[in-house]
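Shown next: run-v6.cif, given as mmCIF, C-alpha atoms and all ligand atoms.
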```
data_coords
#
loop_
_atom_site.label_atom_id
_atom_site.label_comp_id
_atom_site.auth_asym_id
_atom_site.auth_seq_id
_atom_site.Cartn_x
_atom_site.Cartn_y
_atom_site.Cartn_z
CA MET A 12 7.78 8.19 -24.89
CA LEU A 13 5.37 8.20 -21.96
CA ARG A 14 6.37 10.74 -19.30
CA ILE A 15 5.85 9.17 -15.88
CA LEU A 16 6.30 10.94 -12.55
CA LEU A 17 6.71 8.63 -9.55
CA LEU A 18 6.47 10.16 -6.09
CA GLY A 19 7.84 8.20 -3.12
CA LYS A 20 10.62 6.25 -4.82
CA ILE A 21 12.26 4.94 -1.63
CA GLY A 22 9.23 3.57 0.17
CA GLN A 23 8.39 -0.15 0.10
CA LEU A 24 6.19 0.16 -2.96
CA GLY A 25 8.00 3.11 -4.53
CA TRP A 26 11.29 1.21 -4.60
CA GLU A 27 9.72 -1.57 -6.62
CA LEU A 28 7.75 0.82 -8.82
CA GLN A 29 10.93 2.55 -9.83
CA ARG A 30 12.17 -0.74 -11.27
CA SER A 31 8.89 -1.87 -12.80
CA LEU A 32 8.24 1.47 -14.53
CA ALA A 33 11.76 2.08 -15.78
CA THR A 34 11.20 0.43 -19.16
CA LEU A 35 7.83 2.05 -19.85
CA GLY A 36 8.89 5.54 -20.74
CA GLU A 37 10.69 8.59 -19.45
CA LEU A 38 10.53 8.03 -15.70
CA THR A 39 11.21 10.75 -13.15
CA ALA A 40 11.26 9.30 -9.65
CA LEU A 41 11.38 11.57 -6.59
CA ASP A 42 11.22 11.29 -2.83
CA TYR A 43 11.90 13.48 0.18
CA PRO A 44 13.86 15.82 0.20
CA GLU A 45 13.65 16.33 -3.62
CA ILE A 46 9.96 16.83 -3.01
CA ASP A 47 8.47 17.53 0.43
CA LEU A 48 4.77 16.86 0.54
CA LEU A 49 4.50 19.01 3.64
CA ASN A 50 5.42 21.96 1.46
CA ASP A 51 2.43 22.67 -0.82
CA SER A 52 4.20 25.45 -2.66
CA GLN A 53 6.89 22.98 -3.79
CA ILE A 54 4.52 20.33 -5.17
CA ARG A 55 2.87 22.30 -7.98
CA PRO A 56 6.04 23.69 -9.64
CA ILE A 57 7.76 20.29 -9.49
CA ILE A 58 4.84 18.60 -11.22
CA HIS A 59 4.58 21.40 -13.78
CA ALA A 60 8.27 21.23 -14.61
CA GLN A 61 7.97 17.51 -15.39
CA ARG A 62 4.73 17.80 -17.42
CA PRO A 63 3.96 14.11 -16.75
CA GLN A 64 1.31 12.15 -18.63
CA VAL A 65 1.01 9.81 -15.67
CA ILE A 66 1.55 10.54 -11.98
CA ILE A 67 1.95 7.63 -9.58
CA ASN A 68 1.85 8.49 -5.91
CA ALA A 69 3.55 5.96 -3.65
CA THR A 70 4.22 8.47 -0.88
CA ALA A 71 2.22 8.27 2.30
CA TYR A 72 2.37 8.83 6.01
CA THR A 73 2.14 5.16 7.05
CA ALA A 74 3.08 5.24 10.75
CA VAL A 75 -0.30 4.04 12.04
CA ASP A 76 0.42 4.53 15.75
CA LYS A 77 2.45 7.73 15.47
CA ALA A 78 -0.35 9.30 13.44
CA GLU A 79 -2.46 9.42 16.61
CA SER A 80 -0.09 11.94 18.16
CA GLU A 81 0.66 13.97 15.01
CA PRO A 82 -2.60 13.96 13.07
CA HIS A 83 -1.82 17.26 11.33
CA ILE A 84 1.21 15.68 9.61
CA ALA A 85 -0.69 12.52 8.61
CA VAL A 86 -3.51 14.63 7.18
CA ALA A 87 -1.11 17.00 5.39
CA ILE A 88 0.62 14.12 3.58
CA ASN A 89 -2.29 11.71 3.09
CA ASN A 90 -4.93 14.28 2.22
CA HIS A 91 -3.77 17.85 1.55
CA ALA A 92 -0.78 16.91 -0.59
CA VAL A 93 -2.83 14.24 -2.40
CA SER A 94 -5.46 16.83 -3.19
CA VAL A 95 -2.82 19.15 -4.68
CA ILE A 96 -1.34 16.31 -6.77
CA ALA A 97 -4.80 15.35 -8.03
CA GLU A 98 -5.52 18.98 -9.00
CA GLU A 99 -2.26 19.26 -10.90
CA ALA A 100 -2.82 15.93 -12.63
CA SER A 101 -6.25 17.06 -13.70
CA ARG A 102 -4.94 20.44 -14.90
CA LEU A 103 -2.29 18.71 -17.04
CA GLY A 104 -4.73 16.08 -18.30
CA ALA A 105 -2.51 13.42 -16.75
CA ALA A 106 -3.59 10.07 -15.36
CA PHE A 107 -3.22 9.74 -11.58
CA ILE A 108 -2.65 6.42 -9.81
CA HIS A 109 -2.85 6.49 -6.02
CA TYR A 110 -2.88 3.84 -3.28
CA SER A 111 -5.12 3.62 -0.26
CA THR A 112 -5.73 1.15 2.52
CA ASP A 113 -7.98 -1.46 4.11
CA TYR A 114 -7.77 0.70 7.26
CA VAL A 115 -10.58 2.86 5.85
CA PHE A 116 -12.83 0.06 7.19
CA ASP A 117 -13.58 -0.73 10.82
CA GLY A 118 -13.24 -4.49 10.34
CA THR A 119 -16.61 -5.41 11.80
CA LYS A 120 -18.33 -6.58 8.59
CA GLY A 121 -17.25 -10.18 9.14
CA SER A 122 -16.65 -10.95 5.46
CA LEU A 123 -14.54 -9.61 2.60
CA TYR A 124 -14.87 -5.88 1.97
CA HIS A 125 -16.09 -4.58 -1.38
CA GLU A 126 -15.32 -1.12 -2.72
CA ASP A 127 -18.78 0.27 -1.95
CA ASP A 128 -18.95 -1.02 1.62
CA GLN A 129 -19.39 1.52 4.39
CA THR A 130 -16.09 3.06 5.46
CA ASN A 131 -15.45 3.84 9.11
CA PRO A 132 -11.74 4.22 9.90
CA LEU A 133 -10.76 3.54 13.50
CA GLY A 134 -7.71 5.79 13.63
CA VAL A 135 -6.06 8.91 12.25
CA TYR A 136 -4.11 7.04 9.56
CA GLY A 137 -7.26 5.48 8.08
CA GLN A 138 -9.16 8.77 8.40
CA SER A 139 -6.42 10.68 6.60
CA LYS A 140 -6.26 8.08 3.80
CA LEU A 141 -10.04 8.14 3.41
CA ALA A 142 -9.94 11.94 3.21
CA GLY A 143 -7.30 11.58 0.47
CA GLU A 144 -9.60 9.26 -1.49
CA GLU A 145 -12.44 11.77 -1.17
CA SER A 146 -10.24 14.65 -2.31
CA ILE A 147 -9.19 12.77 -5.45
CA GLN A 148 -12.81 11.93 -6.24
CA ALA A 149 -13.82 15.56 -5.71
CA VAL A 150 -11.19 16.75 -8.19
CA GLY A 151 -12.24 14.15 -10.77
CA GLY A 152 -10.06 13.62 -13.84
CA SER A 153 -8.46 10.30 -14.75
CA TYR A 154 -7.68 8.54 -11.53
CA LEU A 155 -7.36 5.09 -10.03
CA ILE A 156 -7.41 4.65 -6.27
CA LEU A 157 -6.00 1.21 -5.49
CA ARG A 158 -6.86 0.16 -1.95
CA THR A 159 -4.38 -2.40 -0.77
CA SER A 160 -3.54 -4.16 2.45
CA TRP A 161 -0.69 -5.42 4.65
CA VAL A 162 2.05 -4.35 2.23
CA TYR A 163 5.46 -5.85 2.88
CA SER A 164 8.97 -5.63 1.57
CA LEU A 165 12.10 -7.46 2.62
CA ARG A 166 14.34 -4.45 2.31
CA ARG A 167 12.50 -2.09 4.67
CA ASP A 168 10.85 -2.59 8.02
CA SER A 169 7.71 -4.64 7.51
CA PHE A 170 5.87 -7.43 9.29
CA VAL A 171 7.85 -9.99 7.28
CA SER A 172 11.26 -8.49 8.04
CA LYS A 173 10.29 -8.10 11.71
CA VAL A 174 9.14 -11.71 12.09
CA LEU A 175 12.44 -12.88 10.54
CA GLU A 176 14.36 -10.62 12.90
CA TRP A 177 12.40 -11.76 16.01
CA SER A 178 12.88 -15.40 15.01
CA ARG A 179 16.64 -14.94 15.37
CA ARG A 180 16.45 -13.19 18.76
CA GLN A 181 13.56 -14.85 20.62
CA THR A 182 12.63 -18.44 21.37
CA THR A 183 8.94 -17.59 21.76
CA LEU A 184 6.90 -15.26 19.58
CA ARG A 185 3.46 -13.98 20.46
CA VAL A 186 1.46 -13.05 17.37
CA VAL A 187 -2.16 -11.95 17.08
CA TYR A 188 -4.65 -14.41 15.65
CA ASP A 189 -7.60 -12.01 15.46
CA GLN A 190 -6.30 -9.49 12.90
CA VAL A 191 -7.03 -10.80 9.42
CA SER A 192 -6.30 -9.32 6.00
CA ASN A 193 -4.47 -9.90 2.69
CA PRO A 194 -0.65 -9.93 2.85
CA THR A 195 0.58 -8.11 -0.27
CA TRP A 196 4.13 -8.16 -1.60
CA CYS A 197 5.03 -4.69 -2.80
CA ARG A 198 6.79 -6.07 -5.91
CA MET A 199 3.57 -7.67 -7.16
CA LEU A 200 1.72 -4.42 -6.59
CA ALA A 201 4.36 -2.54 -8.56
CA GLU A 202 4.29 -5.03 -11.42
CA ILE A 203 0.53 -4.97 -11.75
CA THR A 204 0.65 -1.15 -11.77
CA ALA A 205 3.13 -1.31 -14.64
CA GLN A 206 0.82 -3.72 -16.47
CA LEU A 207 -1.97 -1.18 -16.17
CA LEU A 208 0.19 1.45 -17.84
CA VAL A 209 1.05 -0.93 -20.66
CA MET A 210 -2.64 -1.72 -21.14
CA SER A 211 -3.61 1.95 -21.10
CA GLY A 212 -1.72 2.51 -24.37
CA ASN A 213 -1.00 5.85 -26.05
CA ASP A 214 -3.87 7.78 -24.51
CA GLY A 215 -3.63 6.50 -20.96
CA ALA A 216 -5.57 9.38 -19.42
CA ALA A 217 -8.63 8.74 -21.62
CA TRP A 218 -8.41 5.00 -21.02
CA LEU A 219 -8.20 5.47 -17.27
CA ARG A 220 -10.98 8.07 -17.24
CA GLU A 221 -13.37 5.45 -18.57
CA ARG A 222 -12.35 3.11 -15.76
CA ARG A 223 -11.69 5.62 -13.00
CA GLY A 224 -12.65 4.84 -9.45
CA ILE A 225 -11.70 2.89 -6.37
CA TYR A 226 -10.47 -0.69 -6.72
CA HIS A 227 -9.37 -3.20 -4.14
CA LEU A 228 -6.03 -4.74 -5.05
CA ALA A 229 -4.27 -7.03 -2.60
CA GLY A 230 -2.75 -10.49 -2.35
CA ASP A 231 -5.31 -13.18 -3.17
CA GLY A 232 -6.75 -14.93 -0.13
CA TYR A 233 -6.36 -13.82 3.45
CA ALA A 234 -4.71 -14.81 6.69
CA SER A 235 -4.42 -13.86 10.32
CA ARG A 236 -1.13 -12.32 11.42
CA LEU A 237 -0.47 -15.60 13.22
CA GLU A 238 -0.95 -17.68 10.04
CA TRP A 239 1.17 -15.19 8.13
CA ALA A 240 3.97 -15.39 10.70
CA ARG A 241 3.93 -19.20 10.57
CA ALA A 242 4.21 -19.11 6.77
CA ILE A 243 7.11 -16.64 6.96
CA LEU A 244 9.05 -18.89 9.32
CA ALA A 245 8.33 -21.99 7.23
CA LEU A 246 9.49 -20.30 4.01
CA ASP A 247 12.57 -18.65 5.52
CA PRO A 248 15.48 -19.74 3.27
CA ARG A 249 17.87 -19.38 6.25
CA ARG A 250 15.80 -21.35 8.74
CA SER A 251 18.93 -22.68 10.43
CA GLU A 252 19.48 -19.18 11.86
CA GLN A 253 16.14 -19.22 13.67
CA ILE A 254 16.20 -19.82 17.42
CA VAL A 255 12.42 -19.54 17.79
CA LYS A 256 10.82 -22.69 19.20
CA GLU A 257 7.20 -21.65 19.61
CA ILE A 258 4.65 -19.16 18.25
CA GLN A 259 1.89 -18.42 20.71
CA PRO A 260 -1.46 -17.02 19.61
CA ALA A 261 -2.29 -13.68 21.22
CA SER A 262 -5.33 -11.46 20.99
CA THR A 263 -5.18 -7.86 19.82
CA SER A 264 -6.51 -6.72 23.20
CA GLU A 265 -3.31 -8.01 24.85
CA PHE A 266 -1.23 -5.37 23.04
CA VAL A 267 -1.90 -1.78 23.93
CA THR A 268 -1.21 0.44 20.93
CA PRO A 269 -2.06 4.12 20.39
CA ALA A 270 -4.14 3.31 17.27
CA ARG A 271 -6.98 0.84 17.03
CA ARG A 272 -6.79 -1.49 14.04
CA PRO A 273 -9.61 -3.21 12.17
CA LEU A 274 -9.86 -6.91 13.01
CA PHE A 275 -11.16 -8.39 9.74
CA SER A 276 -10.25 -6.02 6.91
CA ALA A 277 -9.57 -8.46 4.07
CA LEU A 278 -10.46 -7.07 0.64
CA ASN A 279 -12.44 -8.59 -2.20
CA CYS A 280 -10.57 -7.71 -5.42
CA ASP A 281 -13.10 -8.97 -8.00
CA ARG A 282 -13.87 -5.50 -9.38
CA PHE A 283 -10.23 -5.01 -10.34
CA THR A 284 -10.02 -8.44 -11.99
CA TYR A 285 -13.31 -7.97 -13.81
CA THR A 286 -12.28 -4.55 -15.14
CA PHE A 287 -8.63 -5.16 -16.02
CA GLY A 288 -8.37 -8.94 -16.40
CA LEU A 289 -5.51 -9.02 -13.90
CA LYS A 290 -5.12 -10.23 -10.33
CA LEU A 291 -2.42 -10.59 -7.73
CA PRO A 292 -1.34 -14.14 -6.95
CA ALA A 293 -2.25 -16.05 -3.81
CA TRP A 294 -0.53 -14.40 -0.85
CA GLN A 295 1.31 -17.67 -0.05
CA ASP A 296 2.75 -17.88 -3.59
CA ALA A 297 3.88 -14.26 -3.52
CA LEU A 298 5.45 -14.77 -0.09
CA LYS A 299 7.39 -17.76 -1.39
CA LEU A 300 8.70 -15.69 -4.31
CA ALA A 301 9.56 -12.81 -1.99
CA MET A 302 11.49 -15.08 0.36
CA GLU A 303 13.42 -16.55 -2.57
CA SER A 304 14.22 -13.15 -4.08
N1 LIG B 401 2.44 -0.57 4.47
C1 LIG B 401 1.25 -1.13 4.50
O1 LIG B 401 1.02 -2.14 5.18
C2 LIG B 401 0.11 -0.57 3.68
C3 LIG B 401 -1.16 -1.15 3.80
C4 LIG B 401 -2.21 -0.65 3.04
C5 LIG B 401 -2.00 0.41 2.18
N2 LIG B 401 -0.76 0.98 2.09
C6 LIG B 401 -0.60 2.11 1.18
O2 LIG B 401 0.30 1.72 0.14
C7 LIG B 401 1.05 2.86 -0.28
C8 LIG B 401 2.54 2.54 -0.21
O3 LIG B 401 2.87 2.21 1.15
P1 LIG B 401 4.35 1.81 1.58
O4 LIG B 401 4.20 0.74 2.60
O5 LIG B 401 5.19 1.61 0.39
O6 LIG B 401 4.78 3.16 2.33
P2 LIG B 401 6.21 3.55 2.91
O7 LIG B 401 7.17 2.43 2.77
O8 LIG B 401 5.97 4.13 4.27
O9 LIG B 401 6.69 4.69 1.92
C9 LIG B 401 6.11 5.96 1.92
C10 LIG B 401 7.03 6.91 1.20
O10 LIG B 401 6.51 8.24 1.34
C11 LIG B 401 7.60 9.09 1.66
N3 LIG B 401 7.20 10.29 2.38
C12 LIG B 401 6.71 10.37 3.63
N4 LIG B 401 6.55 11.65 3.98
C13 LIG B 401 6.95 12.40 2.91
C14 LIG B 401 7.02 13.78 2.64
N5 LIG B 401 6.67 14.72 3.54
N6 LIG B 401 7.47 14.20 1.44
C15 LIG B 401 7.87 13.29 0.51
N7 LIG B 401 7.82 11.96 0.70
C16 LIG B 401 7.37 11.52 1.89
C17 LIG B 401 8.48 8.22 2.54
O11 LIG B 401 9.76 8.80 2.66
P3 LIG B 401 10.61 8.48 4.00
O12 LIG B 401 10.91 7.03 3.98
O13 LIG B 401 11.79 9.38 3.84
O14 LIG B 401 9.71 8.87 5.14
C18 LIG B 401 8.46 6.92 1.77
O15 LIG B 401 9.38 6.92 0.71
C19 LIG B 401 0.63 4.01 0.64
O16 LIG B 401 -0.38 4.76 -0.01
C20 LIG B 401 0.03 3.32 1.84
O17 LIG B 401 -0.92 4.12 2.51
C21 LIG B 401 0.31 0.50 2.81
#
```

Could you show the structure in this file as structure tokens?
Ligand SMILES: NC(=O)c1ccc[n+]([C@@H]2O[C@H](COP(=O)([O-])OP(=O)(O)OC[C@H]3O[C@@H](n4cnc5c(N)ncnc54)[C@H](OP(=O)(O)O)[C@@H]3O)[C@@H](O)[C@H]2O)c1
Amino acid sequence: MLRILLLGKIGQLGWELQRSLATLGELTALDYPEIDLLNDSQIRPIIHAQRPQVIINATAYTAVDKAESEPHIAVAINNHAVSVIAEEASRLGAAFIHYSTDYVFDGTKGSLYHEDDQTNPLGVYGQSKLAGEESIQAVGGSYLILRTSWVYSLRRDSFVSKVLEWSRRQTTLRVVYDQVSNPTWCRMLAEITAQLLVMSGNDGAAWLRERRGIYHLAGDGYASRLEWARAILALDPRRSEQIVKEIQPASTSEFVTPARRPLFSALNCDRFTYTFGLKLPAWQDALKLAMES
């Protein structure tokens, strides 16, 4: 039986991973406080005790704005802890699957981002995630870094759950039209991760080592936040509860936030599809499934 260690089991993605991975082997799923990524001395013994063949890291410091005022915490979780996990994975000969973000880019390219495009994060969150990517690459071993984008879940705070909530409290919504990326349902991301493990077979670490690297993996197609919000409202199965009458386009510059965000950070996922023969569905199709779930 494959021994899988999942870190971050109660996050958006981690919650779904726990379900998708459950049938694939002996799964140990942890989250804070069972493991505290701010405590380096705890990480190594926990990993060693489990002796996993695969480590999947769904933990992250994802509070983009808050990261600006507590960069040391963002960096500790998104880089230092990741580096320790990568070292332990390598020492055990385990495969390591990690997730990163479109926020490693500055959003000025004007077309879809490929894996080798120049990174230039605009804020602490993106910088800390990029540093995590670099640490994993420096360690080497059998790793996949899956850069994804605009991840949502309906059971935790996300753009989708917020739009649904606002639609029941406000008659007018103002949503930005100039931030564009790929909406990605966390369940699809979890399921495609599980598919990778199935494909990797009995010697997953060797299989992954041959394919190691950074891959973009996000919902197919892209949208502005405004288009996304409109689709959410249209697909809402309880539309009768909405009191919203109008969605007004707004520009990012109208909202003052501590962190700057890339404007066009949509990802091209062809490398992933070419390598693994898999792709995530169109973001609209996944959204429909998510809303019906
Ligand atoms: N959300 C997005 O839009 C988005 C976009 C692009 C990429 N990503 C990437 O996708 C991956 C999954 O994101 P997500 O949205 O699922 O994240 P999430 O919902 O914020 O979950 C992150 C998990 O990490 C845990 N965690 C945080 N600090 C910890 C610590 N010190 N020790 C142990 N666990 C800790 C959290 O626990 P608590 O809940 O207790 O804090 C939570 O379970 C991340 O790598 C993220 O960077 C996300």

With all atoms listed in the file counted, which protein, DNA or RNA residues have an atom no more than 9 Å from (-4.1, -10.4, -8.5) in the file frame? Please answer as a PDB file with C-alpha atoms, in the frame of the given file.
```pdb
ATOM      1  CA  MET A 199       3.570  -7.670  -7.160  1.00  0.00           C
ATOM      2  CA  LEU A 200       1.720  -4.420  -6.590  1.00  0.00           C
ATOM      3  CA  ILE A 203       0.530  -4.970 -11.750  1.00  0.00           C
ATOM      4  CA  LEU A 228      -6.030  -4.740  -5.050  1.00  0.00           C
ATOM      5  CA  ALA A 229      -4.270  -7.030  -2.600  1.00  0.00           C
ATOM      6  CA  GLY A 230      -2.750 -10.490  -2.350  1.00  0.00           C
ATOM      7  CA  ASP A 231      -5.310 -13.180  -3.170  1.00  0.00           C
ATOM      8  CA  CYS A 280     -10.570  -7.710  -5.420  1.00  0.00           C
ATOM      9  CA  PHE A 283     -10.230  -5.010 -10.340  1.00  0.00           C
ATOM     10  CA  THR A 284     -10.020  -8.440 -11.990  1.00  0.00           C
ATOM     11  CA  LEU A 289      -5.510  -9.020 -13.900  1.00  0.00           C
ATOM     12  CA  LYS A 290      -5.120 -10.230 -10.330  1.00  0.00           C
ATOM     13  CA  LEU A 291      -2.420 -10.590  -7.730  1.00  0.00           C
ATOM     14  CA  PRO A 292      -1.340 -14.140  -6.950  1.00  0.00           C
ATOM     15  CA  ALA A 293      -2.250 -16.050  -3.810  1.00  0.00           C
TER      16      ALA A 293
END
```

Expected answer as a short mmCIF file (atom, residue, chain, number, x, y, z; two decimals) with C-alpha atoms, in the frame of the given file: residues within 7 Å of ligand LIG 401 (chain B), only C-alpha atoms and all ligand atoms:
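Okay, this is what ended up in pocket04.cif:
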```cif
data_model
loop_
_atom_site.label_atom_id
_atom_site.label_comp_id
_atom_site.auth_asym_id
_atom_site.auth_seq_id
_atom_site.Cartn_x
_atom_site.Cartn_y
_atom_site.Cartn_z
CA GLY A 19 7.84 8.20 -3.12
CA LYS A 20 10.62 6.25 -4.82
CA ILE A 21 12.26 4.94 -1.63
CA GLY A 22 9.23 3.57 0.17
CA GLN A 23 8.39 -0.15 0.10
CA LEU A 24 6.19 0.16 -2.96
CA GLY A 25 8.00 3.11 -4.53
CA ASP A 42 11.22 11.29 -2.83
CA TYR A 43 11.90 13.48 0.18
CA PRO A 44 13.86 15.82 0.20
CA ILE A 46 9.96 16.83 -3.01
CA ASP A 47 8.47 17.53 0.43
CA LEU A 48 4.77 16.86 0.54
CA LEU A 49 4.50 19.01 3.64
CA ALA A 69 3.55 5.96 -3.65
CA THR A 70 4.22 8.47 -0.88
CA ALA A 71 2.22 8.27 2.30
CA TYR A 72 2.37 8.83 6.01
CA THR A 73 2.14 5.16 7.05
CA ILE A 88 0.62 14.12 3.58
CA HIS A 109 -2.85 6.49 -6.02
CA TYR A 110 -2.88 3.84 -3.28
CA SER A 111 -5.12 3.62 -0.26
CA THR A 112 -5.73 1.15 2.52
CA ASP A 113 -7.98 -1.46 4.11
CA LYS A 140 -6.26 8.08 3.80
CA ARG A 158 -6.86 0.16 -1.95
CA THR A 159 -4.38 -2.40 -0.77
CA SER A 160 -3.54 -4.16 2.45
CA TRP A 161 -0.69 -5.42 4.65
CA VAL A 162 2.05 -4.35 2.23
CA TYR A 163 5.46 -5.85 2.88
#
```

Would you mind listing what lies within 8 Å of Tyr136 (chain A) as a short mmCIF file (atom, residue, chain, number, x, y, z; two decimals) with C-alpha atoms, keeping the file's coordinate frame, with all atoms listed in the file counted and same-chain residues fewer than 3 positions away left out?
```cif
data_model
loop_
_atom_site.label_atom_id
_atom_site.label_comp_id
_atom_site.auth_asym_id
_atom_site.auth_seq_id
_atom_site.Cartn_x
_atom_site.Cartn_y
_atom_site.Cartn_z
CA TYR A 72 2.37 8.83 6.01
CA THR A 73 2.14 5.16 7.05
CA ALA A 74 3.08 5.24 10.75
CA VAL A 75 -0.30 4.04 12.04
CA ALA A 78 -0.35 9.30 13.44
CA GLU A 79 -2.46 9.42 16.61
CA PRO A 82 -2.60 13.96 13.07
CA ALA A 85 -0.69 12.52 8.61
CA VAL A 86 -3.51 14.63 7.18
CA TYR A 114 -7.77 0.70 7.26
CA SER A 139 -6.42 10.68 6.60
CA LYS A 140 -6.26 8.08 3.80
#
```

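Using all atoms listed in the file, the residues found no farther than 10 Å from Val150 (chain A), other than those of its own chain fewer than 6 positions away, are A:Ser94, A:Val95, A:Ile96, A:Ala97, A:Glu98, A:Glu99, A:Ala100, A:Ser101, A:Arg102.
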
List every residue of region 209-273 of chain A that has an atom at most 7 Å from any atom of region 177-186 of chain A, giving for each one its closest atom pair and the distance in Å to one decimal, counting all atoms listed in the file, sorted by chain and then by ascending residue number, as CSV.
```
residue,atom,partner,partner_atom,distance
A:Arg236,CA,A:Val186,CA,6.5
A:Leu237,CA,A:Val186,CA,5.2
A:Glu252,CA,A:Arg179,CA,6.2
A:Gln253,CA,A:Arg179,CA,4.6
A:Ile254,CA,A:Arg179,CA,5.3
A:Val255,CA,A:Thr182,CA,3.8
A:Lys256,CA,A:Thr182,CA,5.1
A:Glu257,CA,A:Thr183,CA,4.9
A:Ile258,CA,A:Leu184,CA,4.7
A:Gln259,CA,A:Arg185,CA,4.7
A:Pro260,CA,A:Val186,CA,5.4
A:Ala261,CA,A:Val186,CA,5.4
```

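Note that CA of Asn193 (chain A) and CA of Gly151 (chain A) are 28.6 Å apart.
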